[in-house]
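Engineer: Sharing a structure with you now.
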Amino acid sequence: MPVPSGYVSGQVVQAVVGVGKVLQVVSTTKTDTFSTTSTSFVDVTGLSVSITPTSTTSKIFVQVTAPVGQSASIVSMRLLRGSTAIDVADASGTRPLGFAYSDSSASSQSFVLATNFLDSPATTSATIYKIQVLTNTSTIYVNRTFRDTDGLDGRMTSTITVMEISA
């Protein structure tokens, strides 16, 4: 097959066989707030998405952004496929394992916790991706500041987006 000008041979092969194409995109945006005082990981209500891959060889690219408000506390956040934590750090002592961590004493601030992760679920069954959080001492919030003063502190949105990528 002749190589079109401006392309390297690897790009042509990918274009011909469809490798790396986005097959579908599913997204959930959480517009309300969530709070917890849990020192164990708990689901963030409404911050999950379901996708049914078309092939067992497909990859699922997951993007998450979630603003968190806290005061004198820590937040750990993790990503799950079903009940399995993915995109987590290596174990070290009793530290919580996740993709993001925040530690703050500023009640008027929020911090955006985010990740991009390429997963290989190896299934054609409906697959749920969701976010969990934990704290160490006081209440933490998703989509708002800790202080949450009317007319002063803003409200935010969280998003989890999944894309099926052909293998």
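Each chain in the structure tokens gets a letter, A, B and so on, in the order shown; residues start at 1 in every chain, and ligands are counted from 1 in the order they appear.
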Mind running stretch 58-119 of chain A against stretch 36-47 of chain A at 10 Å and telling me each contacting residue's nearest atom pair with the distance in Å (one decimal), counting only C-alpha atoms, chain and number ascending, as a Markdown table?
Structural biologist:
```
| residue | atom | partner | partner_atom | distance |
| --- | --- | --- | --- | --- |
| A:Val64 | CA | A:Leu47 | CA | 9.3 |
| A:Ala66 | CA | A:Leu47 | CA | 9.1 |
| A:Ser73 | CA | A:Thr37 | CA | 9.9 |
| A:Ile74 | CA | A:Thr39 | CA | 9.9 |
| A:Val75 | CA | A:Thr39 | CA | 9.5 |
| A:Ser76 | CA | A:Phe41 | CA | 8.3 |
| A:Met77 | CA | A:Phe41 | CA | 8.0 |
| A:Arg78 | CA | A:Phe41 | CA | 8.2 |
| A:Leu79 | CA | A:Asp43 | CA | 9.8 |
| A:Leu80 | CA | A:Asp43 | CA | 9.5 |
| A:Pro96 | CA | A:Phe41 | CA | 8.7 |
| A:Leu97 | CA | A:Phe41 | CA | 9.8 |
| A:Gly98 | CA | A:Phe41 | CA | 9.8 |
```
Engineer: Chain A: which residues are strand (DSSP E) by DSSP, as a PyMOL selection string?
Structural biologist: chain A and resi 22-30+34-36+42-51+59-69+73-81+84-86+100-104+110-119+127-135+140-142+158-165
Engineer: Write out as a tab-separated table (two decimals) with N, CA and C atoms, in the first residue's frame which residues come within 9 Å of stretch 152-154 of chain A when counting only C-alpha atoms, dropping same-chain ones fewer than 5 positions away.
Structural biologist:
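And here's out-v5.tsv as it stands now:
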```tsv
chain	number	residue	atom	x	y	z
A	108	SER	N	-12.08	28.42	52.94
A	108	SER	CA	-12.70	29.11	51.81
A	108	SER	C	-12.22	28.58	50.47
A	109	GLN	N	-11.29	27.66	50.47
A	109	GLN	CA	-10.74	27.15	49.22
A	109	GLN	C	-11.37	25.82	48.83
A	143	ASN	N	-17.93	19.56	45.37
A	143	ASN	CA	-18.65	20.60	44.63
A	143	ASN	C	-18.97	21.85	45.43
A	144	ARG	N	-18.30	22.03	46.57
A	144	ARG	CA	-18.46	23.28	47.33
A	144	ARG	C	-17.27	23.45	48.27
A	145	THR	N	-17.12	24.68	48.78
A	145	THR	CA	-16.09	24.92	49.77
A	145	THR	C	-16.59	24.45	51.13
A	147	ARG	N	-16.49	26.38	53.86
A	147	ARG	CA	-17.17	27.55	54.44
A	147	ARG	C	-18.55	27.74	53.82
```
Engineer: Need the shell around A:Val142: protein/DNA/RNA residues with any atom at most 10 Å away, counting only C-alpha atoms. Skip same-chain ones fewer than 2 positions apart. Format as a ChimeraX atom specification?
Structural biologist: /A:30-36,44-45,66-70,110-113,133,140,144-146,155-158
Engineer: Any idea what's packed within 9 Å of stretch 50-59 of chain A, counting only C-alpha atoms, ignoring anything in its chain fewer than 4 positions away? Could you give it as a ChimeraX atom specification?
Structural biologist: /A:20,23-27,118-130,162-167
Engineer: Could you pull out the alpha helix (DSSP H) residues of chain A, going by DSSP on the backbone, and write them as a list in words?
Structural biologist: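 Going through chain A, the alpha helix (DSSP H) residues come out as Ser9, Gly10, Gln11, Val12, Val13, Gln14, Ala15, Val16 and Val17 of chain A.
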Engineer: Could you write out the selected residues, including C-alpha atoms, as an mmCIF file, in the first residue's frame?
Structural biologist:
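part.cif was written with the following content:
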```cif
data_model
loop_
_atom_site.group_PDB
_atom_site.id
_atom_site.type_symbol
_atom_site.label_atom_id
_atom_site.label_comp_id
_atom_site.auth_asym_id
_atom_site.auth_seq_id
_atom_site.Cartn_x
_atom_site.Cartn_y
_atom_site.Cartn_z
ATOM 1 C CA SER A 9 3.758 4.158 7.845
ATOM 2 C CA GLY A 10 2.534 3.547 11.435
ATOM 3 C CA GLN A 11 -0.096 6.250 11.065
ATOM 4 C CA VAL A 12 -1.393 4.737 7.840
ATOM 5 C CA VAL A 13 -1.721 1.278 9.415
ATOM 6 C CA GLN A 14 -3.630 2.749 12.349
ATOM 7 C CA ALA A 15 -5.973 4.630 10.057
ATOM 8 C CA VAL A 16 -6.611 1.523 7.927
ATOM 9 C CA VAL A 17 -7.367 -0.912 10.769
#
```
Engineer: Between A:Ile131, A:Ile60, A:Val22, A:Ala72, single out the one closest to A:Phe99, counting only C-alpha atoms.
Structural biologist: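 Nearest candidate to A:Phe99 out of A:Ile131, A:Ile60, A:Val22, A:Ala72: A:Ile131.
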Engineer: Can you work out the spacing between atom CA of A:Ser48 and atom CA of A:Lys21 in Å, to one decimal?
Structural biologist: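 Between these atoms lies a distance of 23.4 Å.
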